[in-house]
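What follows is the content of protein27.cif (mmCIF, C-alpha atoms).
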```
data_data
#
loop_
_atom_site.label_atom_id
_atom_site.label_comp_id
_atom_site.auth_asym_id
_atom_site.auth_seq_id
_atom_site.Cartn_x
_atom_site.Cartn_y
_atom_site.Cartn_z
CA MET A 30 -18.49 -38.54 -51.16
CA ARG A 31 -19.62 -35.44 -52.83
CA LEU A 32 -19.92 -32.04 -51.18
CA SER A 33 -23.04 -30.14 -52.06
CA THR A 34 -22.56 -26.89 -53.92
CA LYS A 35 -24.31 -25.16 -51.06
CA TRP A 36 -21.71 -26.23 -48.51
CA VAL A 37 -18.84 -25.35 -50.75
CA ALA A 38 -20.34 -21.92 -51.22
CA VAL A 39 -20.84 -21.47 -47.46
CA ALA A 40 -17.30 -22.59 -46.74
CA GLY A 41 -15.97 -20.33 -49.47
CA ILE A 42 -17.84 -17.29 -48.24
CA THR A 43 -16.85 -17.95 -44.64
CA LEU A 44 -13.22 -18.30 -45.64
CA ALA A 45 -13.34 -15.14 -47.73
CA ALA A 46 -15.02 -13.16 -44.95
CA GLY A 47 -12.45 -14.43 -42.49
CA LEU A 48 -9.62 -13.40 -44.79
CA CYS A 49 -11.13 -9.97 -45.28
CA ALA A 50 -11.52 -9.51 -41.54
CA GLY A 51 -7.93 -10.62 -41.12
CA VAL A 52 -6.75 -8.11 -43.68
CA ALA A 53 -8.81 -5.34 -42.13
CA ARG A 54 -7.41 -6.13 -38.73
CA ALA A 55 -3.87 -6.11 -40.07
CA ASP A 56 -4.57 -2.70 -41.58
CA ASP A 57 -5.95 -1.45 -38.29
CA ALA A 58 -2.92 -2.75 -36.41
CA ALA A 59 -0.69 -0.93 -38.88
CA ALA A 60 -2.73 2.22 -38.24
CA VAL A 61 -2.09 1.90 -34.50
CA ASP A 62 1.64 1.49 -35.18
CA ALA A 63 1.69 4.49 -37.51
CA ARG A 64 -0.15 6.63 -34.99
CA GLN A 65 2.17 5.67 -32.17
CA ALA A 66 5.20 6.41 -34.37
CA VAL A 67 3.87 9.93 -35.11
CA MET A 68 3.15 10.54 -31.42
CA LYS A 69 6.69 9.42 -30.56
CA SER A 70 8.18 11.76 -33.15
CA GLN A 71 6.12 14.60 -31.68
CA GLY A 72 7.58 13.71 -28.29
CA LYS A 73 11.07 13.99 -29.79
CA ASP A 74 10.22 17.42 -31.18
CA THR A 75 8.80 18.75 -27.93
CA ALA A 76 11.76 17.34 -25.99
CA ALA A 77 14.09 19.19 -28.39
CA ILE A 78 12.21 22.46 -27.87
CA LYS A 79 12.22 21.86 -24.13
CA ALA A 80 15.99 21.35 -24.24
CA TYR A 81 16.36 24.81 -25.78
CA ILE A 82 14.08 26.36 -23.14
CA ASP A 83 16.22 24.71 -20.45
CA ASP A 84 19.42 26.09 -22.05
CA LYS A 85 20.55 22.63 -23.08
CA ALA A 86 20.31 23.12 -26.85
CA ASP A 87 20.50 25.96 -29.35
CA LEU A 88 17.64 27.83 -30.99
CA ALA A 89 18.28 26.37 -34.45
CA SER A 90 17.56 22.80 -33.30
CA ALA A 91 14.40 23.97 -31.54
CA GLN A 92 13.27 25.79 -34.69
CA ALA A 93 13.76 22.64 -36.78
CA ALA A 94 11.74 20.65 -34.24
CA GLY A 95 9.01 23.30 -34.20
CA ALA A 96 8.60 23.20 -37.98
CA ASP A 97 8.41 19.40 -37.93
CA LEU A 98 5.93 19.47 -35.07
CA VAL A 99 3.48 21.55 -37.10
CA THR A 100 3.36 18.92 -39.85
CA GLN A 101 3.12 16.04 -37.35
CA VAL A 102 0.31 17.51 -35.25
CA ALA A 103 -1.71 18.33 -38.39
CA LYS A 104 -1.88 14.58 -39.11
CA ILE A 105 -3.65 13.75 -35.85
CA PRO A 106 -7.32 13.32 -36.74
CA ASP A 107 -6.51 11.13 -39.76
CA LEU A 108 -4.40 8.85 -37.57
CA PHE A 109 -7.51 7.68 -35.74
CA PRO A 110 -9.53 5.51 -38.16
CA LYS A 111 -12.50 3.74 -36.57
CA GLY A 112 -11.72 0.38 -35.01
CA THR A 113 -8.17 1.23 -33.91
CA GLY A 114 -8.75 2.01 -30.23
CA MET A 115 -8.12 0.20 -26.97
CA ALA A 116 -11.37 -1.73 -27.35
CA GLU A 117 -10.08 -3.43 -30.51
CA PHE A 118 -6.41 -3.55 -29.49
CA PRO A 119 -6.24 -4.08 -25.74
CA GLY A 120 -2.70 -3.84 -24.41
CA LYS A 121 -1.49 -2.20 -27.63
CA SER A 122 -3.59 0.92 -28.08
CA TYR A 123 -4.59 3.28 -25.28
CA ALA A 124 -6.94 5.39 -27.38
CA LYS A 125 -10.26 5.62 -25.54
CA PRO A 126 -13.58 4.81 -27.24
CA ALA A 127 -14.74 8.37 -26.48
CA ILE A 128 -12.66 9.52 -29.47
CA TRP A 129 -15.15 7.89 -31.82
CA THR A 130 -18.33 8.47 -29.79
CA GLU A 131 -17.65 12.23 -29.70
CA TRP A 132 -15.68 12.56 -32.91
CA ASP A 133 -16.54 16.25 -33.47
CA LYS A 134 -15.27 17.19 -30.04
CA PHE A 135 -12.15 15.15 -30.63
CA THR A 136 -11.36 16.75 -33.98
CA ALA A 137 -12.01 20.20 -32.49
CA GLN A 138 -9.46 19.43 -29.78
CA ALA A 139 -7.01 18.14 -32.40
CA LYS A 140 -7.50 21.39 -34.31
CA THR A 141 -6.73 23.37 -31.15
CA ALA A 142 -3.51 21.40 -30.74
CA ALA A 143 -2.58 22.07 -34.37
CA ASP A 144 -3.26 25.81 -33.98
CA LYS A 145 -1.11 25.92 -30.86
CA ALA A 146 1.71 24.11 -32.62
CA VAL A 147 1.55 26.75 -35.35
CA ALA A 148 1.66 29.51 -32.71
CA LEU A 149 4.68 27.85 -31.11
CA ASN A 150 6.41 27.61 -34.47
CA THR A 151 5.77 31.32 -35.07
CA ALA A 152 7.26 32.14 -31.68
CA LEU A 153 10.28 29.94 -32.44
CA LYS A 154 10.84 31.79 -35.70
CA GLY A 155 10.66 35.07 -33.79
CA GLY A 156 13.39 33.84 -31.45
CA ASP A 157 12.10 35.54 -28.29
CA LYS A 158 12.67 33.04 -25.52
CA ALA A 159 9.95 34.30 -23.17
CA ALA A 160 7.38 34.09 -25.98
CA ILE A 161 8.63 30.61 -26.94
CA THR A 162 8.38 29.39 -23.36
CA ALA A 163 4.84 30.73 -23.03
CA ALA A 164 3.73 29.23 -26.35
CA PHE A 165 5.33 25.90 -25.45
CA GLY A 166 3.51 25.73 -22.12
CA ASP A 167 0.24 26.72 -23.76
CA MET A 168 0.56 24.06 -26.45
CA GLY A 169 1.56 21.38 -23.95
CA LYS A 170 -1.22 22.05 -21.49
CA ASN A 171 -4.06 23.17 -23.73
CA GLY A 172 -3.05 21.35 -26.90
CA CYS A 173 -1.45 17.98 -26.08
CA GLY A 174 -2.53 17.57 -22.45
CA ALA A 175 -6.10 18.70 -23.02
CA CYS A 176 -6.46 15.90 -25.59
CA HIS A 177 -4.64 13.24 -23.56
CA GLU A 178 -6.82 14.03 -20.57
CA PRO A 179 -10.15 12.77 -21.95
CA TYR A 180 -8.94 10.53 -24.77
CA ARG A 181 -5.84 8.63 -23.66
CA GLU A 182 -5.98 5.81 -21.15
CA LYS A 183 -3.14 5.36 -18.71
CA LYS A 184 -0.73 2.59 -19.57
CA PRO A 185 -0.47 -0.14 -16.96
CA SER A 186 3.12 -0.81 -15.93
CA MET B 13 -27.06 32.71 18.78
CA PRO B 14 -24.75 32.43 15.78
CA THR B 15 -23.23 35.66 14.66
CA ALA B 16 -22.64 36.54 11.03
CA PRO B 17 -19.09 35.69 10.01
CA ALA B 18 -16.82 38.70 9.90
CA ILE B 19 -16.00 39.79 6.36
CA ALA B 20 -12.48 38.51 5.81
CA ASP B 21 -9.91 40.87 4.41
CA GLU B 22 -8.69 40.47 0.86
CA ALA B 23 -5.31 39.07 1.80
CA THR B 24 -6.90 36.26 3.84
CA VAL B 25 -9.24 35.36 0.99
CA ALA B 26 -6.34 35.42 -1.48
CA ARG B 27 -4.30 33.08 0.73
CA GLY B 28 -7.30 30.77 0.99
CA ALA B 29 -7.80 30.83 -2.78
CA TYR B 30 -4.16 29.91 -3.31
CA LEU B 31 -4.49 27.03 -0.87
CA ALA B 32 -7.72 25.80 -2.47
CA GLY B 33 -5.85 25.68 -5.78
CA ALA B 34 -2.91 23.83 -4.24
CA ALA B 35 -5.31 21.32 -2.68
CA GLY B 36 -7.33 21.04 -5.90
CA CYS B 37 -10.68 21.47 -4.09
CA ASP B 38 -12.37 22.61 -7.29
CA GLN B 39 -11.24 19.52 -9.14
CA CYS B 40 -13.68 17.23 -7.35
CA HIS B 41 -16.16 19.84 -6.17
CA THR B 42 -16.92 21.09 -9.69
CA ASP B 43 -18.92 19.20 -12.29
CA SER B 44 -16.74 20.69 -15.02
CA LYS B 45 -17.73 18.12 -17.67
CA ASN B 46 -21.31 19.35 -17.51
CA GLY B 47 -20.45 23.01 -17.09
CA GLY B 48 -21.16 23.13 -13.36
CA ALA B 49 -20.31 26.22 -11.31
CA PRO B 50 -16.91 26.09 -9.57
CA TYR B 51 -17.08 24.57 -6.05
CA ALA B 52 -20.82 23.86 -6.47
CA GLY B 53 -20.19 20.09 -6.47
CA LEU B 54 -22.22 17.31 -8.09
CA ARG B 55 -19.31 15.84 -10.06
CA PRO B 56 -20.10 12.12 -10.25
CA MET B 57 -17.13 10.20 -8.88
CA GLN B 58 -16.52 6.51 -8.99
CA THR B 59 -15.18 5.33 -5.63
CA GLU B 60 -14.91 2.06 -3.75
CA PHE B 61 -17.91 3.31 -1.82
CA GLY B 62 -20.05 3.54 -4.92
CA ILE B 63 -20.68 6.49 -7.22
CA ILE B 64 -20.71 9.70 -5.26
CA ALA B 65 -21.97 13.12 -6.31
CA THR B 66 -19.52 15.53 -4.69
CA PRO B 67 -21.00 18.07 -2.25
CA ASN B 68 -21.61 21.74 -2.93
CA ILE B 69 -19.02 23.76 -0.96
CA THR B 70 -20.21 27.22 -1.95
CA PRO B 71 -21.66 29.24 0.98
CA ASP B 72 -25.29 28.48 0.11
CA ALA B 73 -27.02 28.13 3.48
CA ALA B 74 -29.48 25.40 2.48
CA THR B 75 -27.46 23.19 0.14
CA GLY B 76 -23.85 24.28 0.62
CA ILE B 77 -21.69 25.04 3.63
CA GLY B 78 -23.01 28.54 4.23
CA GLY B 79 -24.34 27.82 7.69
CA TRP B 80 -21.15 26.24 9.01
CA SER B 81 -19.22 27.67 11.92
CA GLY B 82 -15.43 27.77 11.90
CA ASP B 83 -15.32 24.82 14.30
CA GLU B 84 -17.68 22.78 12.13
CA PHE B 85 -15.50 23.46 9.12
CA ILE B 86 -12.37 22.37 10.99
CA ARG B 87 -14.08 19.19 12.23
CA ALA B 88 -15.14 18.31 8.70
CA MET B 89 -11.69 19.00 7.23
CA ARG B 90 -9.67 17.27 9.95
CA TRP B 91 -11.93 14.41 10.99
CA GLY B 92 -14.36 13.99 8.13
CA ILE B 93 -17.39 14.62 10.35
CA ALA B 94 -20.25 16.73 9.00
CA PRO B 95 -22.07 19.25 11.23
CA ASP B 96 -24.98 16.78 11.52
CA GLY B 97 -22.60 14.17 12.92
CA THR B 98 -22.48 11.92 9.85
CA HIS B 99 -19.11 10.72 8.59
CA TYR B 100 -17.70 11.36 5.15
CA VAL B 101 -16.11 8.51 3.24
CA PRO B 102 -12.38 9.07 2.67
CA ALA B 103 -12.96 9.79 -1.02
CA PHE B 104 -12.88 13.22 0.63
CA PRO B 105 -9.20 13.37 1.61
CA PHE B 106 -9.70 14.48 5.22
CA PRO B 107 -7.06 11.96 6.38
CA TYR B 108 -4.55 14.24 4.58
CA PHE B 109 -6.15 17.54 5.54
CA GLY B 110 -5.93 16.59 9.22
CA ARG B 111 -2.47 18.14 9.23
CA LEU B 112 -3.45 21.50 7.73
CA THR B 113 -2.50 24.32 10.08
CA ASP B 114 -5.20 26.27 11.92
CA SER B 115 -4.38 29.45 10.02
CA ASP B 116 -4.52 27.68 6.65
CA LEU B 117 -7.92 26.23 7.52
CA ALA B 118 -9.16 29.69 8.54
CA ASP B 119 -7.91 31.15 5.23
CA LEU B 120 -9.56 28.36 3.28
CA LYS B 121 -12.91 28.95 4.97
CA ALA B 122 -12.63 32.68 4.37
CA PHE B 123 -12.08 31.97 0.67
CA LEU B 124 -15.02 29.54 0.40
CA ASP B 125 -17.24 32.00 2.28
CA SER B 126 -16.30 34.67 -0.26
CA LEU B 127 -17.70 32.64 -3.19
CA LYS B 128 -21.09 33.27 -4.72
CA PRO B 129 -23.63 30.91 -3.09
CA VAL B 130 -25.01 28.35 -5.54
CA SER B 131 -28.15 26.35 -4.79
CA GLN B 132 -27.89 22.71 -5.82
CA PRO B 133 -30.00 19.61 -5.26
CA ARG B 134 -28.66 17.53 -2.40
CA ILE B 135 -27.74 14.00 -3.33
CA PRO B 136 -27.18 11.69 -0.38
CA GLY B 137 -24.24 9.28 -0.44
CA ALA B 138 -24.90 5.64 -1.27
CA THR B 139 -24.23 4.30 2.21
CA SER B 140 -26.09 1.04 1.85
CA LEU B 141 -24.02 0.04 -1.16
CA ALA B 142 -20.72 -0.01 0.56
CA LEU B 143 -21.07 -0.71 4.26
CA LEU B 144 -18.20 -3.17 4.23
CA ALA B 145 -15.86 -0.76 2.46
CA ARG B 146 -16.81 1.92 4.97
CA ALA B 147 -16.24 -0.33 7.96
CA ARG B 148 -12.89 -1.44 6.59
CA SER B 149 -11.72 2.09 5.92
CA ALA B 150 -12.91 3.29 9.35
CA ILE B 151 -10.59 0.77 11.01
CA GLY B 152 -7.75 1.55 8.64
CA LEU B 153 -8.14 5.29 9.15
CA ALA B 154 -8.22 5.00 12.92
CA ILE B 155 -4.88 3.20 12.77
CA ALA B 156 -3.43 5.58 10.19
CA ALA B 157 -4.47 8.66 12.15
CA ASN B 158 -1.78 7.84 14.67
CA ARG B 159 0.96 7.64 12.08
CA PRO B 160 2.78 10.42 10.24
CA ALA B 161 1.74 10.88 6.59
CA GLY B 162 5.27 10.40 5.35
CA PRO B 163 8.86 10.37 6.51
CA ALA B 164 9.65 13.40 8.64
CA PRO B 165 11.50 16.01 6.55
CA PRO B 166 14.67 17.58 7.92
CA ALA B 167 13.45 20.54 9.94
CA ASP B 168 16.36 22.79 8.95
CA ASP B 169 15.59 22.82 5.23
CA VAL B 170 12.81 25.32 4.56
CA ALA B 171 12.18 24.26 0.94
CA VAL B 172 11.99 20.57 1.85
CA ALA B 173 9.64 21.29 4.75
CA ARG B 174 7.41 23.43 2.54
CA GLY B 175 7.47 20.73 -0.15
CA ALA B 176 6.56 18.08 2.41
CA TYR B 177 3.58 20.13 3.55
CA LEU B 178 2.43 20.70 -0.03
CA VAL B 179 2.85 17.04 -1.06
CA ALA B 180 1.80 15.09 2.01
CA THR B 181 -0.88 17.41 3.39
CA VAL B 182 -2.22 20.14 1.10
CA GLY B 183 -1.85 18.40 -2.27
CA HIS B 184 -2.65 14.96 -0.80
CA CYS B 185 -0.55 13.41 -3.59
CA GLY B 186 -0.57 10.09 -1.75
CA ASP B 187 -4.32 9.93 -2.26
CA CYS B 188 -3.53 8.51 -5.71
CA HIS B 189 0.21 7.80 -5.64
CA THR B 190 0.38 5.73 -2.42
CA ALA B 191 -0.97 2.19 -2.40
CA LEU B 192 -3.36 1.21 0.36
CA THR B 193 -2.91 -1.41 3.05
CA TRP B 194 -5.44 -4.24 3.20
CA LEU B 195 -7.37 -2.06 5.62
CA GLY B 196 -7.73 0.67 3.05
CA ALA B 197 -5.34 3.21 4.59
CA PRO B 198 -2.30 4.64 2.78
CA ASP B 199 0.61 2.25 3.27
CA PRO B 200 3.50 4.16 4.93
CA ASP B 201 5.99 1.62 3.56
CA ARG B 202 4.95 2.44 0.00
CA PHE B 203 4.69 6.21 0.39
CA LEU B 204 4.25 7.71 -3.12
CA ALA B 205 5.55 4.49 -4.70
CA GLY B 206 2.55 4.21 -7.04
CA SER B 207 -0.79 2.46 -6.84
CA HIS B 208 -3.22 0.55 -8.98
CA GLY B 209 -6.05 2.13 -7.02
CA GLY B 210 -5.53 5.78 -7.93
CA PHE B 211 -8.21 8.22 -9.03
CA GLU B 212 -11.34 6.31 -10.09
CA GLY B 213 -9.40 3.05 -9.84
CA LYS B 214 -6.74 3.99 -12.39
CA LYS B 215 -3.06 3.32 -12.04
CA ALA B 216 -1.00 6.15 -10.54
CA PRO B 217 2.76 6.03 -11.16
CA ASN B 218 5.59 5.74 -8.67
CA ILE B 219 6.89 9.25 -7.89
CA THR B 220 9.67 8.25 -5.48
CA PRO B 221 13.27 8.60 -6.74
CA ASP B 222 13.44 4.87 -7.59
CA PRO B 223 15.64 4.72 -10.72
CA LYS B 224 13.72 1.92 -12.43
CA THR B 225 10.03 2.28 -11.60
CA GLY B 226 10.02 5.80 -10.17
CA ILE B 227 11.29 9.19 -11.27
CA GLY B 228 14.89 8.77 -10.12
CA SER B 229 16.20 9.93 -13.48
CA TRP B 230 14.21 13.18 -13.32
CA SER B 231 15.93 16.37 -12.20
CA GLU B 232 14.28 18.90 -9.91
CA ASP B 233 13.77 21.01 -13.05
CA ASP B 234 11.97 18.12 -14.73
CA ILE B 235 9.55 17.75 -11.82
CA ALA B 236 8.90 21.48 -11.49
CA SER B 237 8.38 21.68 -15.23
CA LEU B 238 5.79 18.87 -15.24
CA LEU B 239 3.88 20.68 -12.51
CA ASN B 240 3.92 23.80 -14.68
CA ASP B 241 2.91 22.54 -18.13
CA GLY B 242 2.36 18.78 -17.78
CA GLY B 243 5.40 17.93 -19.91
CA THR B 244 7.56 14.92 -19.08
CA PRO B 245 11.31 14.68 -19.78
CA ASP B 246 10.67 12.46 -22.82
CA GLY B 247 8.51 15.10 -24.50
CA ASP B 248 5.14 13.61 -23.62
CA PHE B 249 2.35 15.55 -21.94
CA VAL B 250 0.40 13.91 -19.15
CA GLY B 251 -3.25 13.07 -19.62
CA GLY B 252 -5.95 11.64 -17.40
CA SER B 253 -6.50 12.95 -13.92
CA MET B 254 -2.92 14.29 -13.67
CA ALA B 255 -3.74 16.78 -16.42
CA GLU B 256 -6.46 18.11 -14.12
CA ILE B 257 -3.94 18.34 -11.27
CA VAL B 258 -1.51 20.24 -13.50
CA ARG B 259 -4.16 22.89 -14.10
CA ASN B 260 -3.90 23.59 -10.38
CA THR B 261 -0.15 23.15 -9.86
CA ALA B 262 0.39 25.54 -12.80
CA ARG B 263 -1.18 28.23 -10.62
CA LEU B 264 1.33 27.70 -7.78
CA THR B 265 4.34 29.98 -7.40
CA ASP B 266 7.64 28.88 -8.95
CA GLY B 267 8.97 28.60 -5.41
CA ASP B 268 6.25 26.13 -4.38
CA ARG B 269 6.67 23.98 -7.49
CA ARG B 270 10.40 23.96 -6.79
CA ALA B 271 9.75 23.01 -3.13
CA ILE B 272 7.63 20.05 -4.25
CA ALA B 273 10.42 18.94 -6.60
CA VAL B 274 13.11 19.31 -3.94
CA TYR B 275 11.03 17.36 -1.45
CA LEU B 276 10.16 14.53 -3.87
CA LYS B 277 13.88 13.97 -4.43
CA THR B 278 14.28 13.35 -0.67
CA VAL B 279 11.50 10.76 -0.36
CA PRO B 280 12.79 7.18 0.18
CA ALA B 281 13.08 5.38 -3.16
CA LYS B 282 10.75 2.37 -3.37
CA GLY B 283 10.02 -0.01 -6.22
CA PHE B 284 6.54 -0.13 -7.68
CA VAL B 285 4.73 -3.22 -6.43
CA LYS B 286 2.59 -4.71 -9.17
CA ASN B 287 -0.02 -6.53 -7.15
CA ASN B 288 -1.73 -4.08 -4.87
#
```
Rewrite the structure of this file - the entire thing - as structure tokens.
Amino acid sequence: MRLSTKWVAVAGITLAAGLCAGVARADDAAAVDARQAVMKSQGKDTAAIKAYIDDKADLASAQAAGADLVTQVAKIPDLFPKGTGMAEFPGKSYAKPAIWTEWDKFTAQAKTAADKAVALNTALKGGDKAAITAAFGDMGKNGCGACHEPYREKKPS
Amino acid sequence: MPTAPAIADEATVARGAYLAGAAGCDQCHTDSKNGGAPYAGLRPMQTEFGIIATPNITPDAATGIGGWSGDEFIRAMRWGIAPDGTHYVPAFPFPYFGRLTDSDLADLKAFLDSLKPVSQPRIPGATSLALLARARSAIGLAIAANRPAGPAPPADDVAVARGAYLVATVGHCGDCHTALTWLGAPDPDRFLAGSHGGFEGKKAPNITPDPKTGIGSWSEDDIASLLNDGGTPDGDFVGGSMAEIVRNTARLTDGDRRAIAVYLKTVPAKGFVKNN
């Protein structure tokens, strides 16, 4: 039996397309992992700053966390390539589709968060606790929280 | 003949404004996503009774609550009955507000009356869509009305009592955080132990001191701090509908946030039940 060239070509193209899709999906999954790792490291930083505010850690550790936070938060918009949300990765990602349908609004909010992280870092460098506490609350509520509110789905338990 | 309401003094209005913030009235009664005026309603809300456009509660006589008497306001808040005799669906948390004190209700009305009247189109509720859900909840509510909202707090502890009032009545936390019985009323055996039927059908976490599924590992400071800036002990910041709530709890006094924290630590610890 002899396979026609046409069928070999079709099979070849199908296989290649499938492989490409597989590779793309693996890349996307890696993007979700990378994003979640950055978010976790931000959580570590904010927890460290919070520990200082609550008198459970010294200023130096909070200052180190604040400097790191600025670089982490600045990465945010690039951590959200298309096709890496909860629609594509149910049960793994909790990033809502709205991120990509209103991308400009999303990046504006990410920019706000980055600006507020910078303000917090400035306050940390200044060392005035009242100013640090105020900047921390402002960043949390109007930076992190304001983005989580429209764009992050709740995790089921 | 109805008489014009007396102009309330500033202190009364300020107390009412504080209470409205603690109860989060503006959260549902403002279409904030579309830039709607505060308390002027028309926020589309997904409920088990269908999609509801929230009512305008500014004192506009034709489309708001401007023409309401004090008694009509109290009847609506406590029993969910509108001045025209129609019943609200319990998406409006009147089952919680039933325990608001007379003076708090008077302050609240004084505050709402002090707002600028806004004229809005009136959108009737989708009654025909959800007759069964309404019937079910009517039965459930009638039964629940005869039960306390939560475990009785010790009367001698002022902070706990204040926290209980803020959590179980004013803040109606159980509206999202308490699972419902099969009749659609808050289940007293799972008070604040989390629900899969929270705001717009989303999951709401267990906020009892259960060490595994609740917030047993949180200190009073941790709870008060979340209510202030939305931050959790692990450095995360809450999103979703709780972020909206935090905007209101951030406006409470430190003492009230502390009272909520103190009270939540006294609530019976219950595990989160997955299938509800």
Mind telling me what the PyMOL selection byres ((chain B and resi 223) around 12) catches here, as a PDB file with C-alpha atoms, in the coordinates of the input?
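For reference, selection26.pdb as written:
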```pdb
ATOM      1  CA  ALA B 205       5.550   4.490  -4.700  1.00  0.00           C
ATOM      2  CA  ASN B 218       5.590   5.740  -8.670  1.00  0.00           C
ATOM      3  CA  ILE B 219       6.890   9.250  -7.890  1.00  0.00           C
ATOM      4  CA  THR B 220       9.670   8.250  -5.480  1.00  0.00           C
ATOM      5  CA  PRO B 221      13.270   8.600  -6.740  1.00  0.00           C
ATOM      6  CA  ASP B 222      13.440   4.870  -7.590  1.00  0.00           C
ATOM      7  CA  LYS B 224      13.720   1.920 -12.430  1.00  0.00           C
ATOM      8  CA  THR B 225      10.030   2.280 -11.600  1.00  0.00           C
ATOM      9  CA  GLY B 226      10.020   5.800 -10.170  1.00  0.00           C
ATOM     10  CA  ILE B 227      11.290   9.190 -11.270  1.00  0.00           C
ATOM     11  CA  GLY B 228      14.890   8.770 -10.120  1.00  0.00           C
ATOM     12  CA  SER B 229      16.200   9.930 -13.480  1.00  0.00           C
ATOM     13  CA  TRP B 230      14.210  13.180 -13.320  1.00  0.00           C
ATOM     14  CA  SER B 231      15.930  16.370 -12.200  1.00  0.00           C
ATOM     15  CA  LYS B 277      13.880  13.970  -4.430  1.00  0.00           C
ATOM     16  CA  PRO B 280      12.790   7.180   0.180  1.00  0.00           C
ATOM     17  CA  ALA B 281      13.080   5.380  -3.160  1.00  0.00           C
ATOM     18  CA  LYS B 282      10.750   2.370  -3.370  1.00  0.00           C
ATOM     19  CA  GLY B 283      10.020  -0.010  -6.220  1.00  0.00           C
ATOM     20  CA  PHE B 284       6.540  -0.130  -7.680  1.00  0.00           C
TER      21      PHE B 284
END
```
**Request:** Return the neighbours of chain A among the residues of chain B, cut-off 6 Å, counting only C-alpha atoms, as a ChimeraX atom specification.
**Result:** /B:241,246-252,255
Filtering to C-alpha atoms, could you give me those residues as a compact mmCIF listing (two decimals), in the frame of the given file?
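Below is the file result.txt, written as the result:
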```txt
# COMPACT_ATOMS: atom_id res chain seq x y z
CA ASP B 241 2.91 22.54 -18.13
CA ASP B 246 10.67 12.46 -22.82
CA GLY B 247 8.51 15.10 -24.50
CA ASP B 248 5.14 13.61 -23.62
CA PHE B 249 2.35 15.55 -21.94
CA VAL B 250 0.40 13.91 -19.15
CA GLY B 251 -3.25 13.07 -19.62
CA GLY B 252 -5.95 11.64 -17.40
CA ALA B 255 -3.74 16.78 -16.42
```
**Distance query 8 Å from (-13.7, 6.4, -6.4) using only C-alpha atoms, result as a ChimeraX atom specification** = /B:57-64,103,211-213
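Rounded to one decimal, CA of Phe203 (chain B) and CA of Gly186 (chain B) lie 6.9 Å from each other.
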**Message:** If we count all atoms listed in the file and set the cut-off at 7 Å, which residues sit around Glu84 (chain B), ignoring sequence neighbours fewer than 4 positions away in its own chain? Please answer as number ranges by chain.
**Reply:** B: 80, 88, 95
Can you write just those residues out, C-alpha atoms, as a short mmCIF file (atom, residue, chain, number, x, y, z; two decimals), keeping the file's coordinate frame?
```
data_model
loop_
_atom_site.label_atom_id
_atom_site.label_comp_id
_atom_site.auth_asym_id
_atom_site.auth_seq_id
_atom_site.Cartn_x
_atom_site.Cartn_y
_atom_site.Cartn_z
CA TRP B 80 -21.15 26.24 9.01
CA ALA B 88 -15.14 18.31 8.70
CA PRO B 95 -22.07 19.25 11.23
#
```
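The smallest atom-to-atom distance between Leu54 (chain B) and any of B:Lys128, B:His41, B:Lys121, B:Arg87, using only C-alpha atoms, is found for B:His41.
The two atoms in question, CA of Thr98 (chain B) and CA of Trp194 (chain B), are spaced 24.4 Å apart.
Between CA of Thr181 (chain B) and CA of Thr113 (chain B) the interatomic distance comes to 9.8 Å.
For the set B:Ile77, B:Ala35, B:Leu239, B:Ala49, the residue with the smallest atom-to-atom gap to Asp187 (chain B) is B:Ala35, counting all atoms listed in the file.
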I'd like to see the residues matched by the PyMOL selection byres ((chain B and resi 109) around 10) on this file, and ideally I'd get them as a short mmCIF file (atom, residue, chain, number, x, y, z; two decimals) with C-alpha atoms, in the coordinates of the input.
```
data_model
loop_
_atom_site.label_atom_id
_atom_site.label_comp_id
_atom_site.auth_asym_id
_atom_site.auth_seq_id
_atom_site.Cartn_x
_atom_site.Cartn_y
_atom_site.Cartn_z
CA ALA B 35 -5.31 21.32 -2.68
CA ILE B 86 -12.37 22.37 10.99
CA ALA B 88 -15.14 18.31 8.70
CA MET B 89 -11.69 19.00 7.23
CA ARG B 90 -9.67 17.27 9.95
CA TRP B 91 -11.93 14.41 10.99
CA GLY B 92 -14.36 13.99 8.13
CA PHE B 104 -12.88 13.22 0.63
CA PRO B 105 -9.20 13.37 1.61
CA PHE B 106 -9.70 14.48 5.22
CA PRO B 107 -7.06 11.96 6.38
CA TYR B 108 -4.55 14.24 4.58
CA GLY B 110 -5.93 16.59 9.22
CA ARG B 111 -2.47 18.14 9.23
CA LEU B 112 -3.45 21.50 7.73
CA THR B 113 -2.50 24.32 10.08
CA LEU B 117 -7.92 26.23 7.52
CA ALA B 180 1.80 15.09 2.01
CA THR B 181 -0.88 17.41 3.39
CA VAL B 182 -2.22 20.14 1.10
CA GLY B 183 -1.85 18.40 -2.27
CA HIS B 184 -2.65 14.96 -0.80
#
```
**Asked** Leaving out Asp43 (chain B) and any residue of its chain fewer than 6 positions from it, which residues lie within 8 Å of it when counting only C-alpha atoms, given as a list of chain:residue names?
**Response** B:Ala49, B:Pro50, B:Ala52, B:Gly53, B:Leu54, B:Arg55, B:Pro56
**Residues matched by the PyMOL selection byres ((chain A and resi 98-115) around 9) as a ChimeraX atom specification** = /A:54,57-58,60-61,63-64,67-68,70-71,74-75,93-97,116-126,128-129,135-136,139-140,142-147,149-150,182
